[in-house]
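A short write-up of the structure that comes next.
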2 protein chains.
Amino acid sequence: MNENKKRCAIGIDFGGTFVKMARVAEDGAIGARASFATTDLRGVEGWLDEVERHAGALVADVPADMEWGGVGVGVPGFVDYTKGFVHELANVPGWQGVPLADLLGQRLGQIVRVDNDVNAMAVGESTYGAGQAYQHAVFITLGTGVGGALMINNRLYRGAYSMAGELGHVSIDRDGVTSPMGKGCVERYVGNRRIVERALQEIDAGRASSILERVGGKRDAVTPKDICEAAEAGDALALEIFDFTADCLATMMASVAYVLQPQAFIIGGGVAGAGPILFDPLRHHLDERLSPHFAKRLVIKHARLGTDAGVIGAAALTFLE
Amino acid sequence: MNENKKRCAIGIDFGGTFVKMARVAEDGAIGARASFATTDLRGVEGWLDEVERHAGALVADVPADMEWGGVGVGVPGFVDYTKGFVHELANVPGWQGVPLADLLGQRLGQIVRVDNDVNAMAVGESTYGAGQAYQHAVFITLGTGVGGALMINNRLYRGAYSMAGELGHVSIDRDGVTSPMGKGCVERYVGNRRIVERALQEIDAGRASSILERVGGKRDAVTPKDICEAAEAGDALALEIFDFTADCLATMMASVAYVLQPQAFIIGGGVAGAGPILFDPLRHHLDERLSPHFAKRLVIKHARLGTDAGVIGAAALTFLE
């Protein structure tokens, strides 16, 4: 490695809808971007073709003072990080048992690191974002489900078999909703769709609310964002929905805090965009559910890298060690 | 250190009822023992006097091929391990803000390590007992409350502020029993007294059971051991009580497994003495509550050092690093 040159890497954020790519410098700055729709591709080979094509463009105009650090990929599913092997992606057909680091490495002639998307986000936030000050932090993403990642002694902790941090499956009710993952898993109460369903159920039961008016009466168009905006305007039902969401999350987070005693929880993902509408009741309920020994020094922070967390974090995987 | 000599240390297991001490060799063998009642002592000074007196006897007959490794203490409460400082002991009056490692070190002229009792047990089981094969293990003690300790990458993990592993406070019910530690903390359902209370409530409500006959009808004399023996004899209520206890523990353990994905849970303490009456339903409920990715390789083991775990583990603290 030339000490005078800055390293850069390609970060690939493999989402269920889009694949986003970027050239990211070691200081976290994004130099160039590319993206394509996930749904148009023909399986793993189609994905590799597209990534190879775009990577060529991202590499072509790399500045002279940069040298390559490699390629990092964050994927939405179970991964063996040490082997760069994708066990299974929940929402992308045809991705089972794929040795992605090897396949992509052969195409690009680079070292490729593959991790799950929440781990990639955690590495990004720890290196460049809201997690920088903490050696012990727990990362949470709020979206369709609830994702998690653990930073322990300043390193990502993957557990015994590379799958630790599945915070969405933590139970908040022994007799709760049954799913293949267990009973009462927190993501069955606070996932995107659950939040919307809960609001619609209450409206169907006769509760007054401005939520439906905001989307022209179209039930199918309601998103957590609409409910958040209603809450910001003082809508009682919308506020109640977010209070419930916060309390469910606080129950899970209190359990995690008692187990790991992290310095901070860093929370990102779509629903976290609700800001104080979510974070204020979250702090309140978490304090209520923790002994002061655990509550008083515990920080809750909003993730800072936003929609770029995926590509920056994936690139940052290549800068580790 | 003389390479030809075996190290030995004094291990002190500071319990709410008795203080047990032992001279323990580096291979885990106990050379000599002492003990005294906790309740007779006049505060911290009285405790130090007694420990100093017994330590003298334990040191007096040390074999010629041994050299001292120091003194380790396991205490029932909140400890700052790096400072050897006792914040607070839940069940021993007068122990708040005690710099125990310094005080005892001055008395004995030895390096003193102080940790909470479950961490000491975990170090003992990891070094000499049921935890030897695992780099990633979670230790659980079942008694008046539920204690926990985490072994991560072959080292005890204490969290950001030395209090991690409080598994007894993990919530199994968002709307559950309220206590200063939160709502639905698992130890509110499976602590010694809760198990007995639950049995007596059912009997009071008219359930047929042999439990009371076993203790000559004396309600106050019932212990979890009596309920276990009734279960072994096929008593339906007793079996139900242990099934419920196992399911509550499995709910907490499933959450912990999803967070940390350990290789093993090592379970000790009085209630764990129930053996298959507890462990069989525990395995069943845990498998029921975990995805096969998490359940299939997960080991549940009974702790192996029994009532000596405390002194051996405390001594082992001094052999670390």
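By order in the structure tokens, chains are A, B, ...; within a chain, residues start at 1; ligands start at 1, following the order shown.
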
Distance query stretch 129-145 of chain B at most 7 Å, only C-alpha atoms, self and fewer than 6 positions along chain excluded, as a ChimeraX atom specification: /A:160 /B:122,151-154,168,187,191-193,262-272,301,303-305

If the cut-off is 6 Å, can you tell me the residues of chain A near chain B, counting only C-alpha atoms? I'd like them as an MDAnalysis selection string. chainID A and resid 159:160 164:167 170:174 181:182 255 258:263 289:291

How about saving the chosen residues, N, CA and C atoms kept, as a PDB file, in the first residue's frame?
```pdb
ATOM      1  N   GLY A 159     -21.500 -13.292  16.785  1.00  0.00           N
ATOM      2  CA  GLY A 159     -21.943 -14.502  17.479  1.00  0.00           C
ATOM      3  C   GLY A 159     -21.187 -15.727  17.025  1.00  0.00           C
ATOM      4  N   ALA A 160     -21.639 -16.890  17.494  1.00  0.00           N
ATOM      5  CA  ALA A 160     -20.921 -18.135  17.235  1.00  0.00           C
ATOM      6  C   ALA A 160     -21.010 -18.543  15.767  1.00  0.00           C
ATOM      7  N   ALA A 164     -25.649 -13.326  14.913  1.00  0.00           N
ATOM      8  CA  ALA A 164     -26.075 -12.573  16.097  1.00  0.00           C
ATOM      9  C   ALA A 164     -26.755 -11.267  15.698  1.00  0.00           C
ATOM     10  N   GLY A 165     -27.433 -10.645  16.662  1.00  0.00           N
ATOM     11  CA  GLY A 165     -28.036  -9.332  16.437  1.00  0.00           C
ATOM     12  C   GLY A 165     -29.420  -9.358  15.818  1.00  0.00           C
ATOM     13  N   GLU A 166     -30.103 -10.492  15.868  1.00  0.00           N
ATOM     14  CA  GLU A 166     -31.459 -10.562  15.292  1.00  0.00           C
ATOM     15  C   GLU A 166     -32.470  -9.976  16.284  1.00  0.00           C
ATOM     16  N   LEU A 167     -32.369  -8.660  16.477  1.00  0.00           N
ATOM     17  CA  LEU A 167     -33.175  -7.997  17.502  1.00  0.00           C
ATOM     18  C   LEU A 167     -34.670  -8.052  17.204  1.00  0.00           C
ATOM     19  N   VAL A 170     -36.491 -10.798  19.166  1.00  0.00           N
ATOM     20  CA  VAL A 170     -36.576 -10.763  20.633  1.00  0.00           C
ATOM     21  C   VAL A 170     -38.058 -10.738  21.027  1.00  0.00           C
ATOM     22  N   SER A 171     -38.418 -11.560  22.000  1.00  0.00           N
ATOM     23  CA  SER A 171     -39.828 -11.664  22.405  1.00  0.00           C
ATOM     24  C   SER A 171     -40.201 -10.570  23.392  1.00  0.00           C
ATOM     25  N   ILE A 172     -41.357  -9.954  23.166  1.00  0.00           N
ATOM     26  CA  ILE A 172     -41.868  -8.989  24.149  1.00  0.00           C
ATOM     27  C   ILE A 172     -43.145  -9.525  24.793  1.00  0.00           C
ATOM     28  N   ASP A 173     -43.509 -10.764  24.451  1.00  0.00           N
ATOM     29  CA  ASP A 173     -44.722 -11.348  25.033  1.00  0.00           C
ATOM     30  C   ASP A 173     -44.665 -12.869  24.892  1.00  0.00           C
ATOM     31  N   ARG A 174     -44.531 -13.540  26.030  1.00  0.00           N
ATOM     32  CA  ARG A 174     -44.433 -15.000  26.044  1.00  0.00           C
ATOM     33  C   ARG A 174     -45.605 -15.662  25.337  1.00  0.00           C
ATOM     34  N   MET A 181     -40.416 -17.652  13.816  1.00  0.00           N
ATOM     35  CA  MET A 181     -39.284 -17.219  14.626  1.00  0.00           C
ATOM     36  C   MET A 181     -39.557 -17.309  16.122  1.00  0.00           C
ATOM     37  N   GLY A 182     -40.775 -17.612  16.528  1.00  0.00           N
ATOM     38  CA  GLY A 182     -41.081 -17.711  17.946  1.00  0.00           C
ATOM     39  C   GLY A 182     -42.429 -17.112  18.294  1.00  0.00           C
ATOM     40  N   SER A 255     -34.546  -5.177  27.455  1.00  0.00           N
ATOM     41  CA  SER A 255     -33.983  -6.535  27.582  1.00  0.00           C
ATOM     42  C   SER A 255     -32.555  -6.564  27.056  1.00  0.00           C
ATOM     43  N   TYR A 258     -30.189  -4.837  29.479  1.00  0.00           N
ATOM     44  CA  TYR A 258     -29.858  -5.668  30.643  1.00  0.00           C
ATOM     45  C   TYR A 258     -28.874  -6.778  30.267  1.00  0.00           C
ATOM     46  N   VAL A 259     -28.951  -7.272  29.049  1.00  0.00           N
ATOM     47  CA  VAL A 259     -28.027  -8.322  28.626  1.00  0.00           C
ATOM     48  C   VAL A 259     -26.641  -7.736  28.347  1.00  0.00           C
ATOM     49  N   LEU A 260     -26.568  -6.690  27.530  1.00  0.00           N
ATOM     50  CA  LEU A 260     -25.276  -6.219  27.019  1.00  0.00           C
ATOM     51  C   LEU A 260     -24.747  -4.938  27.664  1.00  0.00           C
ATOM     52  N   GLN A 261     -25.605  -4.170  28.295  1.00  0.00           N
ATOM     53  CA  GLN A 261     -25.249  -2.837  28.807  1.00  0.00           C
ATOM     54  C   GLN A 261     -24.361  -2.054  27.831  1.00  0.00           C
ATOM     55  N   PRO A 262     -24.919  -1.705  26.677  1.00  0.00           N
ATOM     56  CA  PRO A 262     -24.163  -0.888  25.729  1.00  0.00           C
ATOM     57  C   PRO A 262     -24.132   0.574  26.200  1.00  0.00           C
ATOM     58  N   GLN A 263     -23.238   1.368  25.571  1.00  0.00           N
ATOM     59  CA  GLN A 263     -23.269   2.804  25.842  1.00  0.00           C
ATOM     60  C   GLN A 263     -24.416   3.465  25.102  1.00  0.00           C
ATOM     61  N   ARG A 289     -38.560   1.364  32.063  1.00  0.00           N
ATOM     62  CA  ARG A 289     -38.355  -0.086  32.067  1.00  0.00           C
ATOM     63  C   ARG A 289     -36.957  -0.504  32.513  1.00  0.00           C
ATOM     64  N   LEU A 290     -36.113   0.461  32.862  1.00  0.00           N
ATOM     65  CA  LEU A 290     -34.746   0.137  33.272  1.00  0.00           C
ATOM     66  C   LEU A 290     -34.448   0.679  34.661  1.00  0.00           C
ATOM     67  N   SER A 291     -33.650  -0.054  35.414  1.00  0.00           N
ATOM     68  CA  SER A 291     -33.118   0.478  36.665  1.00  0.00           C
ATOM     69  C   SER A 291     -32.260   1.692  36.321  1.00  0.00           C
TER      70      SER A 291
END
```

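Nearest-residue note for A:Leu108: choosing from A:Lys296, A:His54, A:Lys6, A:Lys83, the minimum distance belongs to A:His54, counting only C-alpha atoms.
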
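The gap separating atom CA of A:Pro76 from atom CA of A:Leu89 is 5.9 Å, in Å to one decimal.
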
I'd like the contact shell of B:Gly11 - 7 Å cut-off, only C-alpha atoms, skipping same-chain residues fewer than 5 positions apart - returned as an mmCIF file with N, CA and C atoms, in the first residue's frame.
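New file selection_25.cif:
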```cif
data_model
loop_
_atom_site.group_PDB
_atom_site.id
_atom_site.type_symbol
_atom_site.label_atom_id
_atom_site.label_comp_id
_atom_site.auth_asym_id
_atom_site.auth_seq_id
_atom_site.Cartn_x
_atom_site.Cartn_y
_atom_site.Cartn_z
ATOM 1 N N MET B 21 -14.601 -20.044 51.731
ATOM 2 C CA MET B 21 -13.247 -19.763 51.242
ATOM 3 C C MET B 21 -12.552 -21.079 50.915
ATOM 4 N N ALA B 22 -11.652 -21.042 49.959
ATOM 5 C CA ALA B 22 -10.875 -22.248 49.652
ATOM 6 C C ALA B 22 -9.547 -21.864 49.023
ATOM 7 N N ARG B 23 -8.563 -22.717 49.239
ATOM 8 C CA ARG B 23 -7.313 -22.600 48.507
ATOM 9 C C ARG B 23 -7.471 -23.470 47.269
ATOM 10 N N VAL B 24 -7.311 -22.853 46.100
ATOM 11 C CA VAL B 24 -7.570 -23.558 44.846
ATOM 12 C C VAL B 24 -6.309 -23.520 43.992
ATOM 13 N N VAL B 71 -5.832 -13.412 45.387
ATOM 14 C CA VAL B 71 -7.107 -13.666 46.040
ATOM 15 C C VAL B 71 -8.226 -13.193 45.122
ATOM 16 N N GLY B 72 -9.248 -14.026 44.960
ATOM 17 C CA GLY B 72 -10.413 -13.633 44.173
ATOM 18 C C GLY B 72 -11.671 -13.699 45.021
ATOM 19 N N VAL B 73 -12.546 -12.721 44.824
ATOM 20 C CA VAL B 73 -13.789 -12.677 45.595
ATOM 21 C C VAL B 73 -14.976 -12.563 44.646
ATOM 22 N N VAL B 311 -16.238 -20.730 44.926
ATOM 23 C CA VAL B 311 -14.843 -20.568 45.360
ATOM 24 C C VAL B 311 -13.858 -20.838 44.218
ATOM 25 N N ILE B 312 -14.158 -21.847 43.406
ATOM 26 C CA ILE B 312 -13.249 -22.158 42.296
ATOM 27 C C ILE B 312 -13.234 -21.012 41.287
ATOM 28 N N ALA B 314 -14.019 -17.840 41.831
ATOM 29 C CA ALA B 314 -13.389 -16.651 42.419
ATOM 30 C C ALA B 314 -11.866 -16.773 42.342
ATOM 31 N N ALA B 315 -11.363 -17.962 42.678
ATOM 32 C CA ALA B 315 -9.917 -18.179 42.578
ATOM 33 C C ALA B 315 -9.452 -18.035 41.131
#
```

Please give the complete set of residues from stretch 223-306 of chain B that DSSP, run on the backbone, assigns to alpha helix (DSSP H), formatted as a PDB file with N, CA and C atoms, in the first residue's frame.
```pdb
ATOM      1  N   PRO B 224     -38.601 -25.485  46.081  1.00  0.00           N
ATOM      2  CA  PRO B 224     -38.631 -26.008  44.709  1.00  0.00           C
ATOM      3  C   PRO B 224     -38.216 -27.476  44.644  1.00  0.00           C
ATOM      4  N   LYS B 225     -37.336 -27.894  45.574  1.00  0.00           N
ATOM      5  CA  LYS B 225     -36.898 -29.291  45.598  1.00  0.00           C
ATOM      6  C   LYS B 225     -38.074 -30.241  45.869  1.00  0.00           C
ATOM      7  N   ASP B 226     -38.959 -29.856  46.803  1.00  0.00           N
ATOM      8  CA  ASP B 226     -40.137 -30.682  47.087  1.00  0.00           C
ATOM      9  C   ASP B 226     -41.028 -30.777  45.848  1.00  0.00           C
ATOM     10  N   ILE B 227     -41.172 -29.656  45.153  1.00  0.00           N
ATOM     11  CA  ILE B 227     -42.023 -29.647  43.953  1.00  0.00           C
ATOM     12  C   ILE B 227     -41.387 -30.509  42.872  1.00  0.00           C
ATOM     13  N   CYS B 228     -40.059 -30.459  42.788  1.00  0.00           N
ATOM     14  CA  CYS B 228     -39.341 -31.299  41.833  1.00  0.00           C
ATOM     15  C   CYS B 228     -39.561 -32.777  42.145  1.00  0.00           C
ATOM     16  N   GLU B 229     -39.446 -33.145  43.417  1.00  0.00           N
ATOM     17  CA  GLU B 229     -39.643 -34.555  43.795  1.00  0.00           C
ATOM     18  C   GLU B 229     -41.072 -35.010  43.492  1.00  0.00           C
ATOM     19  N   ALA B 230     -42.022 -34.125  43.730  1.00  0.00           N
ATOM     20  CA  ALA B 230     -43.413 -34.444  43.386  1.00  0.00           C
ATOM     21  C   ALA B 230     -43.539 -34.670  41.877  1.00  0.00           C
ATOM     22  N   ALA B 231     -42.869 -33.820  41.105  1.00  0.00           N
ATOM     23  CA  ALA B 231     -42.917 -33.956  39.643  1.00  0.00           C
ATOM     24  C   ALA B 231     -42.309 -35.296  39.213  1.00  0.00           C
ATOM     25  N   GLU B 232     -41.190 -35.658  39.837  1.00  0.00           N
ATOM     26  CA  GLU B 232     -40.543 -36.938  39.513  1.00  0.00           C
ATOM     27  C   GLU B 232     -41.472 -38.112  39.805  1.00  0.00           C
ATOM     28  N   ALA B 236     -49.173 -34.106  38.724  1.00  0.00           N
ATOM     29  CA  ALA B 236     -49.506 -33.301  37.545  1.00  0.00           C
ATOM     30  C   ALA B 236     -49.267 -31.804  37.777  1.00  0.00           C
ATOM     31  N   LEU B 237     -49.663 -31.305  38.946  1.00  0.00           N
ATOM     32  CA  LEU B 237     -49.462 -29.882  39.213  1.00  0.00           C
ATOM     33  C   LEU B 237     -47.972 -29.539  39.228  1.00  0.00           C
ATOM     34  N   ALA B 238     -47.186 -30.377  39.893  1.00  0.00           N
ATOM     35  CA  ALA B 238     -45.748 -30.125  39.981  1.00  0.00           C
ATOM     36  C   ALA B 238     -45.112 -30.109  38.591  1.00  0.00           C
ATOM     37  N   LEU B 239     -45.527 -31.044  37.735  1.00  0.00           N
ATOM     38  CA  LEU B 239     -45.000 -31.076  36.364  1.00  0.00           C
ATOM     39  C   LEU B 239     -45.384 -29.801  35.613  1.00  0.00           C
ATOM     40  N   GLU B 240     -46.608 -29.354  35.839  1.00  0.00           N
ATOM     41  CA  GLU B 240     -47.096 -28.140  35.185  1.00  0.00           C
ATOM     42  C   GLU B 240     -46.291 -26.924  35.637  1.00  0.00           C
ATOM     43  N   ILE B 241     -45.994 -26.874  36.933  1.00  0.00           N
ATOM     44  CA  ILE B 241     -45.216 -25.755  37.473  1.00  0.00           C
ATOM     45  C   ILE B 241     -43.833 -25.713  36.807  1.00  0.00           C
ATOM     46  N   PHE B 242     -43.194 -26.870  36.660  1.00  0.00           N
ATOM     47  CA  PHE B 242     -41.868 -26.880  36.033  1.00  0.00           C
ATOM     48  C   PHE B 242     -41.954 -26.606  34.533  1.00  0.00           C
ATOM     49  N   ASP B 243     -43.039 -27.028  33.914  1.00  0.00           N
ATOM     50  CA  ASP B 243     -43.216 -26.713  32.499  1.00  0.00           C
ATOM     51  C   ASP B 243     -43.354 -25.203  32.310  1.00  0.00           C
ATOM     52  N   PHE B 244     -44.112 -24.574  33.186  1.00  0.00           N
ATOM     53  CA  PHE B 244     -44.271 -23.118  33.128  1.00  0.00           C
ATOM     54  C   PHE B 244     -42.927 -22.417  33.377  1.00  0.00           C
ATOM     55  N   THR B 245     -42.215 -22.858  34.394  1.00  0.00           N
ATOM     56  CA  THR B 245     -40.902 -22.289  34.712  1.00  0.00           C
ATOM     57  C   THR B 245     -39.978 -22.403  33.501  1.00  0.00           C
ATOM     58  N   ALA B 246     -39.973 -23.590  32.886  1.00  0.00           N
ATOM     59  CA  ALA B 246     -39.120 -23.828  31.717  1.00  0.00           C
ATOM     60  C   ALA B 246     -39.522 -22.912  30.561  1.00  0.00           C
ATOM     61  N   ASP B 247     -40.823 -22.723  30.363  1.00  0.00           N
ATOM     62  CA  ASP B 247     -41.266 -21.893  29.249  1.00  0.00           C
ATOM     63  C   ASP B 247     -40.893 -20.426  29.469  1.00  0.00           C
ATOM     64  N   CYS B 248     -40.997 -19.956  30.701  1.00  0.00           N
ATOM     65  CA  CYS B 248     -40.580 -18.579  30.997  1.00  0.00           C
ATOM     66  C   CYS B 248     -39.078 -18.427  30.723  1.00  0.00           C
ATOM     67  N   LEU B 249     -38.293 -19.378  31.208  1.00  0.00           N
ATOM     68  CA  LEU B 249     -36.849 -19.326  30.961  1.00  0.00           C
ATOM     69  C   LEU B 249     -36.553 -19.421  29.464  1.00  0.00           C
ATOM     70  N   ALA B 250     -37.289 -20.279  28.748  1.00  0.00           N
ATOM     71  CA  ALA B 250     -37.053 -20.445  27.316  1.00  0.00           C
ATOM     72  C   ALA B 250     -37.355 -19.146  26.562  1.00  0.00           C
ATOM     73  N   THR B 251     -38.357 -18.413  27.011  1.00  0.00           N
ATOM     74  CA  THR B 251     -38.678 -17.130  26.371  1.00  0.00           C
ATOM     75  C   THR B 251     -37.491 -16.176  26.494  1.00  0.00           C
ATOM     76  N   MET B 252     -36.946 -16.088  27.703  1.00  0.00           N
ATOM     77  CA  MET B 252     -35.773 -15.236  27.912  1.00  0.00           C
ATOM     78  C   MET B 252     -34.577 -15.759  27.120  1.00  0.00           C
ATOM     79  N   MET B 253     -34.362 -17.060  27.162  1.00  0.00           N
ATOM     80  CA  MET B 253     -33.186 -17.630  26.490  1.00  0.00           C
ATOM     81  C   MET B 253     -33.281 -17.495  24.972  1.00  0.00           C
ATOM     82  N   ALA B 254     -34.491 -17.604  24.417  1.00  0.00           N
ATOM     83  CA  ALA B 254     -34.651 -17.415  22.970  1.00  0.00           C
ATOM     84  C   ALA B 254     -34.273 -15.980  22.602  1.00  0.00           C
ATOM     85  N   SER B 255     -34.719 -15.015  23.405  1.00  0.00           N
ATOM     86  CA  SER B 255     -34.354 -13.620  23.134  1.00  0.00           C
ATOM     87  C   SER B 255     -32.842 -13.450  23.182  1.00  0.00           C
ATOM     88  N   VAL B 256     -32.218 -14.009  24.206  1.00  0.00           N
ATOM     89  CA  VAL B 256     -30.766 -13.895  24.346  1.00  0.00           C
ATOM     90  C   VAL B 256     -30.062 -14.587  23.176  1.00  0.00           C
ATOM     91  N   ALA B 257     -30.580 -15.730  22.747  1.00  0.00           N
ATOM     92  CA  ALA B 257     -29.975 -16.451  21.619  1.00  0.00           C
ATOM     93  C   ALA B 257     -30.076 -15.630  20.335  1.00  0.00           C
ATOM     94  N   TYR B 258     -31.204 -14.978  20.101  1.00  0.00           N
ATOM     95  CA  TYR B 258     -31.340 -14.138  18.910  1.00  0.00           C
ATOM     96  C   TYR B 258     -30.397 -12.931  18.969  1.00  0.00           C
ATOM     97  N   VAL B 259     -30.138 -12.423  20.154  1.00  0.00           N
ATOM     98  CA  VAL B 259     -29.226 -11.281  20.278  1.00  0.00           C
ATOM     99  C   VAL B 259     -27.776 -11.736  20.100  1.00  0.00           C
ATOM    100  N   LEU B 260     -27.357 -12.763  20.831  1.00  0.00           N
ATOM    101  CA  LEU B 260     -25.926 -13.094  20.905  1.00  0.00           C
ATOM    102  C   LEU B 260     -25.511 -14.332  20.118  1.00  0.00           C
ATOM    103  N   PRO B 276     -33.607 -33.265  34.652  1.00  0.00           N
ATOM    104  CA  PRO B 276     -34.488 -33.460  33.483  1.00  0.00           C
ATOM    105  C   PRO B 276     -35.890 -32.864  33.672  1.00  0.00           C
ATOM    106  N   ILE B 277     -36.352 -32.790  34.911  1.00  0.00           N
ATOM    107  CA  ILE B 277     -37.676 -32.210  35.191  1.00  0.00           C
ATOM    108  C   ILE B 277     -37.716 -30.762  34.701  1.00  0.00           C
ATOM    109  N   LEU B 278     -36.593 -30.078  34.751  1.00  0.00           N
ATOM    110  CA  LEU B 278     -36.493 -28.720  34.209  1.00  0.00           C
ATOM    111  C   LEU B 278     -35.923 -28.722  32.795  1.00  0.00           C
ATOM    112  N   PHE B 279     -34.842 -29.485  32.576  1.00  0.00           N
ATOM    113  CA  PHE B 279     -34.097 -29.367  31.312  1.00  0.00           C
ATOM    114  C   PHE B 279     -34.863 -29.936  30.115  1.00  0.00           C
ATOM    115  N   ASP B 280     -35.669 -30.972  30.312  1.00  0.00           N
ATOM    116  CA  ASP B 280     -36.414 -31.538  29.180  1.00  0.00           C
ATOM    117  C   ASP B 280     -37.434 -30.544  28.621  1.00  0.00           C
ATOM    118  N   PRO B 281     -38.328 -30.003  29.453  1.00  0.00           N
ATOM    119  CA  PRO B 281     -39.250 -29.000  28.895  1.00  0.00           C
ATOM    120  C   PRO B 281     -38.525 -27.734  28.422  1.00  0.00           C
ATOM    121  N   LEU B 282     -37.392 -27.409  29.036  1.00  0.00           N
ATOM    122  CA  LEU B 282     -36.642 -26.224  28.622  1.00  0.00           C
ATOM    123  C   LEU B 282     -36.169 -26.384  27.181  1.00  0.00           C
ATOM    124  N   ARG B 283     -35.576 -27.530  26.864  1.00  0.00           N
ATOM    125  CA  ARG B 283     -35.126 -27.795  25.491  1.00  0.00           C
ATOM    126  C   ARG B 283     -36.316 -27.736  24.530  1.00  0.00           C
ATOM    127  N   HIS B 284     -37.407 -28.369  24.908  1.00  0.00           N
ATOM    128  CA  HIS B 284     -38.602 -28.398  24.065  1.00  0.00           C
ATOM    129  C   HIS B 284     -39.105 -26.978  23.767  1.00  0.00           C
ATOM    130  N   HIS B 285     -39.254 -26.184  24.796  1.00  0.00           N
ATOM    131  CA  HIS B 285     -39.798 -24.833  24.591  1.00  0.00           C
ATOM    132  C   HIS B 285     -38.814 -23.929  23.846  1.00  0.00           C
ATOM    133  N   LEU B 286     -37.540 -24.128  24.096  1.00  0.00           N
ATOM    134  CA  LEU B 286     -36.553 -23.298  23.412  1.00  0.00           C
ATOM    135  C   LEU B 286     -36.546 -23.602  21.910  1.00  0.00           C
ATOM    136  N   ASP B 287     -36.598 -24.880  21.551  1.00  0.00           N
ATOM    137  CA  ASP B 287     -36.656 -25.261  20.133  1.00  0.00           C
ATOM    138  C   ASP B 287     -37.906 -24.690  19.461  1.00  0.00           C
ATOM    139  N   GLU B 288     -38.990 -24.685  20.216  1.00  0.00           N
ATOM    140  CA  GLU B 288     -40.280 -24.172  19.739  1.00  0.00           C
ATOM    141  C   GLU B 288     -40.204 -22.670  19.464  1.00  0.00           C
ATOM    142  N   ARG B 289     -39.336 -21.980  20.202  1.00  0.00           N
ATOM    143  CA  ARG B 289     -39.289 -20.520  20.158  1.00  0.00           C
ATOM    144  C   ARG B 289     -38.145 -19.972  19.306  1.00  0.00           C
ATOM    145  N   PRO B 292     -34.832 -22.788  13.283  1.00  0.00           N
ATOM    146  CA  PRO B 292     -33.856 -23.894  13.272  1.00  0.00           C
ATOM    147  C   PRO B 292     -32.411 -23.406  13.091  1.00  0.00           C
ATOM    148  N   HIS B 293     -32.216 -22.286  12.345  1.00  0.00           N
ATOM    149  CA  HIS B 293     -30.867 -21.720  12.199  1.00  0.00           C
ATOM    150  C   HIS B 293     -30.230 -21.460  13.565  1.00  0.00           C
ATOM    151  N   PHE B 294     -31.053 -21.096  14.544  1.00  0.00           N
ATOM    152  CA  PHE B 294     -30.542 -20.774  15.871  1.00  0.00           C
ATOM    153  C   PHE B 294     -30.622 -21.970  16.826  1.00  0.00           C
ATOM    154  N   ALA B 295     -31.654 -22.802  16.644  1.00  0.00           N
ATOM    155  CA  ALA B 295     -31.890 -23.893  17.608  1.00  0.00           C
ATOM    156  C   ALA B 295     -30.947 -25.072  17.420  1.00  0.00           C
TER     157      ALA B 295
END
```

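Between atom CA of A:Thr82 and atom CA of A:Gly15 there is a distance of 21.2 Å.
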